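**Q** Below you will find the structure I want to go over with you.
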Amino acid sequence: MDIYDVIILGGGASGLMCGAHLSKDLDIAIVEVNERVAKKLKISGGGKCNITNTEVSERNFDGDEELVEYALSIFSRDDLLSFLEANGVVPVVRKNRYYFCKDSSDEIINLLKSRSKHCQTLLNHEIVKLEKKDEIFELTTSKGILKAKKVVVATGGKSFKSLGASDIGLKIAKDFGLKVKEFTPALVGLTLQPEQSWMKELSGLSAYVHIRVNDKILKEDMLFAHKGISGPVILSTSLYWQKGNILIDFLPNENILELVQGSKKQISSLFNLPKRLSKAILNAIEVEDKECKKLNKEDLEKLKRVHSYEFAPAGNFGFTKAEVCRGGVLSSELNRYTLESLDVKNLHFIGEVVDVTGELGGYNFQWAFSSGVLCANTI
Ligand SMILES: Cc1cc2nc3c(=O)[nH]c(=O)nc-3n(C[C@H](O)[C@H](O)[C@H](O)COP(=O)(O)OP(=O)(O)OC[C@H]3O[C@@H](n4cnc5c(N)ncnc54)[C@H](O)[C@@H]3O)c2cc1C
């Protein structure tokens, strides 16, 4: 049986980018459970793949900031854009922040496929386990055993099982004795306690808000849904929230006390929000929707809660809806400069299987690509 120089486990974003940057002189296999590669890339960003962001720094990630900072210094947002453009993919910027494929995520998938053509792609191969015998790795798959000198685990997180996702990467890490943080759903909608059930009645409405969660302030649109709350700002909130309170500023660009001062109008008509939402917020903070001039001292005090509506979500929508997983192989188990296991020589981990998770907005692909290139360069 031939022994590959490198086997990449998983033909997703990080695995393909790693393969694309590995030397053509190496004998490489990419092992993928699905009948085609990059299924998450395909559906991401509504089919147009939010590749990266105009602002990228280690502070946009939950995880080891030094590790992220180093990976970004090796393959930054600008390096990624140059790589794409040099290969004929010119992304467009939406909302002044998000880089998307112009027409379809196929643009980036085709690029990655063509740049990793020197790797043998083994489709419909489910990875079952990985062992190391006398310095050689033995990979058991549903189609038999493969051998390699080096292995890159790029099997991603376990959300969206329907796309082939699994926690095999964590199982492999644990089998080799590496410490991991179990996966939990992230970039996912949040469910509500009965006290906030008023939000469910606003299903379909959205508003630009600021949310404070732990020491982060996140700014984007929030969507009210049947099951709870969602939308970009909530998905990012879910990355940093585990339990406890979050705080919403429903009117981040206004000062409520200045708005009502001297006004003869009804309070709810002053909010730059859908009327139904304005009324529901007033109801939630126990202020009667009346003419501003009728507001008393107590009302004015309560009105301040428009900028700081505080509550504890109940939970989240779960793995089936989560765009990513928090958790993964602990960075303390890896050499920061190579993403190689400190204990198991020639075993590397990249992408979502590492305990690094980005906010919503292209950060997870940026991490997948940066970590993939970092690893390829060291191999
Ligand atoms: C609906 C959705 C939309 C998203 N949109 C965006 C977006 O717009 N921007 C962004 O930055 N991020 C987005 N993400 C997150 C992003 O897709 C992931 O963070 C990224 O794909 C992680 O890259 P990866 O290479 O680590 O894992 P993946 O891309 O998931 O690749 C892992 C590969 O391993 C394979 N695999 C898993 N288990 C096995 C096994 N047992 N045997 C063989 N193969 C296996 C999988 O089939 C998969 O192909 C989105 C995710 C989802 C679910």
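Residue numbering restarts at 1 in every chain; chains get A, B, ... in the order shown in the structure tokens, and ligands count up from 1 in that same order.
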Give me the residues near A:Ser159 as a PyMOL selection string, where near means some atom within 7 Å (using only C-alpha atoms) and where sequence neighbours in that chain fewer than 4 positions away do not count.

**A** chain A and resi 165+319-320+322-325

**Q** Would you mind listing the residues within 7 Å of ligand 1, counting only C-alpha atoms and all ligand atoms, as a compact mmCIF listing (two decimals) with N, CA, C and O atoms, in the first residue's frame?

**A**
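And here's part.txt as it stands now:
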```
# COMPACT_ATOMS: atom_id res chain seq x y z
N LEU A 9 -7.90 15.43 6.21
CA LEU A 9 -9.19 14.85 6.57
C LEU A 9 -10.26 15.93 6.44
O LEU A 9 -10.31 16.86 7.23
N GLY A 10 -11.10 15.82 5.41
CA GLY A 10 -12.16 16.80 5.21
C GLY A 10 -11.90 17.70 4.03
O GLY A 10 -10.86 18.36 3.97
N GLY A 11 -12.83 17.68 3.06
CA GLY A 11 -12.70 18.53 1.88
C GLY A 11 -13.61 19.73 1.98
O GLY A 11 -14.46 19.97 1.13
N GLY A 12 -13.43 20.50 3.06
CA GLY A 12 -14.19 21.74 3.22
C GLY A 12 -13.29 22.93 3.00
O GLY A 12 -12.24 22.82 2.33
N ALA A 13 -13.68 24.06 3.58
CA ALA A 13 -12.97 25.32 3.34
C ALA A 13 -11.48 25.23 3.72
O ALA A 13 -10.60 25.54 2.91
N SER A 14 -11.21 24.80 4.94
CA SER A 14 -9.81 24.81 5.40
C SER A 14 -9.00 23.72 4.70
O SER A 14 -7.84 23.94 4.32
N GLY A 15 -9.60 22.54 4.51
CA GLY A 15 -8.87 21.43 3.89
C GLY A 15 -8.48 21.75 2.47
O GLY A 15 -7.34 21.49 2.04
N VAL A 31 -9.62 13.50 1.99
CA VAL A 31 -10.63 12.46 2.23
C VAL A 31 -11.93 13.12 2.67
O VAL A 31 -11.96 13.88 3.64
N GLU A 32 -13.00 12.85 1.94
CA GLU A 32 -14.26 13.55 2.16
C GLU A 32 -15.43 12.57 2.17
O GLU A 32 -15.54 11.72 1.27
N VAL A 33 -16.31 12.70 3.16
CA VAL A 33 -17.45 11.77 3.28
C VAL A 33 -18.50 12.00 2.18
O VAL A 33 -19.15 11.06 1.73
N ASN A 34 -18.64 13.24 1.75
CA ASN A 34 -19.70 13.54 0.79
C ASN A 34 -19.33 13.16 -0.64
O ASN A 34 -18.17 12.87 -0.94
N VAL A 37 -17.05 18.01 -2.69
CA VAL A 37 -16.39 18.77 -1.62
C VAL A 37 -17.18 20.05 -1.33
O VAL A 37 -18.08 20.44 -2.08
N ALA A 38 -16.83 20.67 -0.21
CA ALA A 38 -17.25 22.05 0.11
C ALA A 38 -18.75 22.29 0.17
O ALA A 38 -19.22 23.30 -0.35
N LYS A 39 -19.49 21.39 0.79
CA LYS A 39 -20.94 21.59 0.83
C LYS A 39 -21.35 22.80 1.68
O LYS A 39 -22.32 23.47 1.39
N LYS A 40 -20.58 23.06 2.76
CA LYS A 40 -20.94 24.24 3.58
C LYS A 40 -20.62 25.54 2.84
O LYS A 40 -21.39 26.49 2.87
N LEU A 41 -19.48 25.52 2.15
CA LEU A 41 -19.13 26.71 1.35
C LEU A 41 -20.25 27.00 0.35
O LEU A 41 -20.63 28.14 0.12
N ILE A 43 -23.53 26.47 0.38
CA ILE A 43 -24.77 27.10 0.83
C ILE A 43 -24.52 28.35 1.68
O ILE A 43 -25.46 29.06 2.02
N SER A 44 -23.26 28.60 2.00
CA SER A 44 -22.98 29.70 2.93
C SER A 44 -23.37 31.04 2.34
O SER A 44 -23.42 31.21 1.12
N GLY A 45 -23.63 31.97 3.23
CA GLY A 45 -23.96 33.34 2.81
C GLY A 45 -25.09 33.36 1.80
O GLY A 45 -25.03 34.10 0.82
N CYS A 49 -21.64 32.99 -0.28
CA CYS A 49 -20.46 32.84 0.57
C CYS A 49 -19.86 34.17 1.04
O CYS A 49 -19.19 34.86 0.27
N ASN A 50 -20.09 34.49 2.28
CA ASN A 50 -19.46 35.68 2.88
C ASN A 50 -18.03 35.28 3.26
O ASN A 50 -17.77 34.68 4.29
N ILE A 51 -17.09 35.67 2.38
CA ILE A 51 -15.72 35.15 2.45
C ILE A 51 -14.91 35.75 3.58
O ILE A 51 -14.17 35.07 4.27
N THR A 52 -15.00 37.06 3.72
CA THR A 52 -14.26 37.74 4.78
C THR A 52 -14.90 39.09 5.03
O THR A 52 -16.04 39.34 4.59
N HIS A 125 -15.81 8.80 1.18
CA HIS A 125 -14.98 8.07 2.15
C HIS A 125 -15.30 8.62 3.54
O HIS A 125 -14.89 9.74 3.87
N GLU A 126 -15.99 7.85 4.33
CA GLU A 126 -16.24 8.32 5.70
C GLU A 126 -15.06 7.95 6.59
O GLU A 126 -14.61 6.79 6.61
N ILE A 127 -14.56 8.95 7.30
CA ILE A 127 -13.43 8.70 8.21
C ILE A 127 -13.97 8.06 9.48
O ILE A 127 -14.92 8.57 10.09
N VAL A 128 -13.36 6.95 9.85
CA VAL A 128 -13.83 6.22 11.03
C VAL A 128 -12.88 6.40 12.21
O VAL A 128 -13.28 6.74 13.31
N ALA A 154 -9.11 18.45 9.20
CA ALA A 154 -9.85 19.64 8.74
C ALA A 154 -11.33 19.28 8.62
O ALA A 154 -11.99 19.62 7.64
N THR A 155 -11.82 18.56 9.62
CA THR A 155 -13.18 18.00 9.52
C THR A 155 -14.26 18.94 10.04
O THR A 155 -15.42 18.55 10.09
N GLY A 156 -13.89 20.17 10.44
CA GLY A 156 -14.90 21.17 10.79
C GLY A 156 -15.66 20.86 12.08
O GLY A 156 -15.26 20.02 12.88
N GLY A 157 -16.79 21.57 12.23
CA GLY A 157 -17.63 21.40 13.42
C GLY A 157 -18.78 20.45 13.12
O GLY A 157 -18.88 19.92 12.02
N SER A 159 -22.18 21.10 13.40
CA SER A 159 -23.51 21.63 13.08
C SER A 159 -23.86 21.34 11.62
O SER A 159 -22.97 21.18 10.79
N PHE A 160 -25.14 21.27 11.32
CA PHE A 160 -25.63 20.95 9.97
C PHE A 160 -25.17 19.56 9.53
O PHE A 160 -24.50 19.40 8.50
N LEU A 163 -25.18 18.15 6.02
CA LEU A 163 -24.14 18.47 5.04
C LEU A 163 -22.88 17.62 5.23
O LEU A 163 -21.84 17.91 4.68
N GLY A 164 -22.99 16.58 6.06
CA GLY A 164 -21.83 15.69 6.26
C GLY A 164 -21.03 16.02 7.50
O GLY A 164 -20.02 15.37 7.78
N ALA A 165 -21.49 17.04 8.24
CA ALA A 165 -20.70 17.46 9.42
C ALA A 165 -20.70 16.38 10.50
O ALA A 165 -21.67 15.64 10.66
N SER A 166 -19.57 16.31 11.22
CA SER A 166 -19.47 15.32 12.31
C SER A 166 -18.44 15.82 13.32
O SER A 166 -17.73 16.79 13.08
N ASP A 167 -18.39 15.12 14.45
CA ASP A 167 -17.36 15.50 15.43
C ASP A 167 -16.18 14.53 15.40
O ASP A 167 -15.48 14.36 16.39
N ILE A 168 -15.94 13.93 14.22
CA ILE A 168 -14.85 12.96 14.11
C ILE A 168 -13.49 13.60 14.46
O ILE A 168 -12.62 12.95 15.03
N ALA A 322 -27.31 26.01 13.89
CA ALA A 322 -26.09 26.77 14.19
C ALA A 322 -25.16 26.82 12.98
O ALA A 322 -24.89 25.79 12.37
N GLU A 323 -24.66 28.01 12.64
CA GLU A 323 -23.74 28.11 11.51
C GLU A 323 -22.37 27.53 11.85
O GLU A 323 -21.66 27.07 10.97
N VAL A 324 -22.00 27.59 13.11
CA VAL A 324 -20.71 27.03 13.52
C VAL A 324 -20.81 26.41 14.91
O VAL A 324 -21.85 26.48 15.55
N ILE A 350 -6.74 22.16 11.71
CA ILE A 350 -7.02 23.49 11.13
C ILE A 350 -8.53 23.72 11.05
O ILE A 350 -9.32 22.77 11.12
N GLY A 351 -8.92 24.97 10.89
CA GLY A 351 -10.34 25.31 10.67
C GLY A 351 -11.16 25.19 11.94
O GLY A 351 -10.67 25.36 13.06
N GLU A 352 -12.41 24.87 11.75
CA GLU A 352 -13.39 24.92 12.85
C GLU A 352 -13.14 23.87 13.93
O GLU A 352 -13.63 24.01 15.05
N VAL A 353 -12.40 22.82 13.61
CA VAL A 353 -12.14 21.78 14.62
C VAL A 353 -11.21 22.30 15.73
O VAL A 353 -11.13 21.72 16.80
N LEU A 360 -20.13 36.50 13.23
CA LEU A 360 -20.79 36.47 11.93
C LEU A 360 -20.15 37.53 11.03
O LEU A 360 -19.79 38.59 11.52
N GLY A 361 -20.00 37.24 9.76
CA GLY A 361 -19.49 38.28 8.87
C GLY A 361 -18.29 37.85 8.04
O GLY A 361 -17.51 38.70 7.62
N GLY A 362 -18.10 36.56 7.84
CA GLY A 362 -16.99 36.10 7.01
C GLY A 362 -15.78 35.67 7.82
O GLY A 362 -14.77 35.23 7.27
N TYR A 363 -15.85 35.82 9.14
CA TYR A 363 -14.69 35.53 9.99
C TYR A 363 -14.37 34.04 10.04
O TYR A 363 -13.21 33.66 10.21
N ASN A 364 -15.38 33.19 9.92
CA ASN A 364 -15.08 31.76 10.03
C ASN A 364 -14.38 31.23 8.79
O ASN A 364 -13.50 30.38 8.90
N PHE A 365 -14.74 31.76 7.63
CA PHE A 365 -13.97 31.36 6.44
C PHE A 365 -12.57 31.95 6.49
O PHE A 365 -11.59 31.31 6.12
N GLN A 366 -12.47 33.21 6.98
CA GLN A 366 -11.14 33.80 7.08
C GLN A 366 -10.25 32.91 7.97
O GLN A 366 -9.09 32.63 7.63
N ALA A 368 -10.70 29.66 8.60
CA ALA A 368 -10.47 28.39 7.90
C ALA A 368 -9.34 28.56 6.88
O ALA A 368 -8.43 27.72 6.80
```

**Q** Excluding stretch 336-338 of chain A and any residue of its chain fewer than 5 positions from it, enumerate the residues within 6 Å of it, using only C-alpha atoms, and give them as a list in words.

**A**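 Everything that qualifies: Leu67, Cys375 and Thr378 of chain A.
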
**Q** Go ahead and dump the residues you just picked, N, CA and C atoms, as a PDB file, in the first residue's frame.

**A**
```
ATOM      1  N   LEU A  67      -3.023  33.070  18.840  1.00  0.00           N
ATOM      2  CA  LEU A  67      -3.006  32.100  17.740  1.00  0.00           C
ATOM      3  C   LEU A  67      -3.663  32.708  16.494  1.00  0.00           C
ATOM      4  N   CYS A 375      -0.820  26.155   8.056  1.00  0.00           N
ATOM      5  CA  CYS A 375      -0.434  24.752   8.188  1.00  0.00           C
ATOM      6  C   CYS A 375       0.303  24.278   6.933  1.00  0.00           C
ATOM      7  N   THR A 378       3.907  25.356   6.768  1.00  0.00           N
ATOM      8  CA  THR A 378       4.852  24.680   7.656  1.00  0.00           C
ATOM      9  C   THR A 378       5.125  23.255   7.175  1.00  0.00           C
TER      10      THR A 378
END
```

**Q** From the list A:Val356, A:Val6, A:Leu342, A:Leu270, which residue is nearest A:Phe176 when using only C-alpha atoms?

**A**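 Using only C-alpha atoms, A:Phe176 sits closest to A:Leu342.
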
**Q** Using Å and a single decimal, report how far atom CA of A:Asp299 sits from atom CA of A:Val287.

**A**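 Separating atom CA of A:Val287 from atom CA of A:Asp299 is a distance of 6.0 Å.
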
**Q** Pick the closest to A:Ile8 from A:Leu251, A:Ala86, A:Cys101, A:Val151: which is it, counting only C-alpha atoms?

**A**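 Looking at the shortest contact to A:Ile8, the residue is A:Val151.
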
**Q** Name the closest residue to A:Gly228 among the candidates A:Gly169, A:Gly262, A:Pro313, A:Pro185; distances are taken between atoms, counting only C-alpha atoms.

**A**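 Among the listed residues, A:Pro313 lies closest to A:Gly228.
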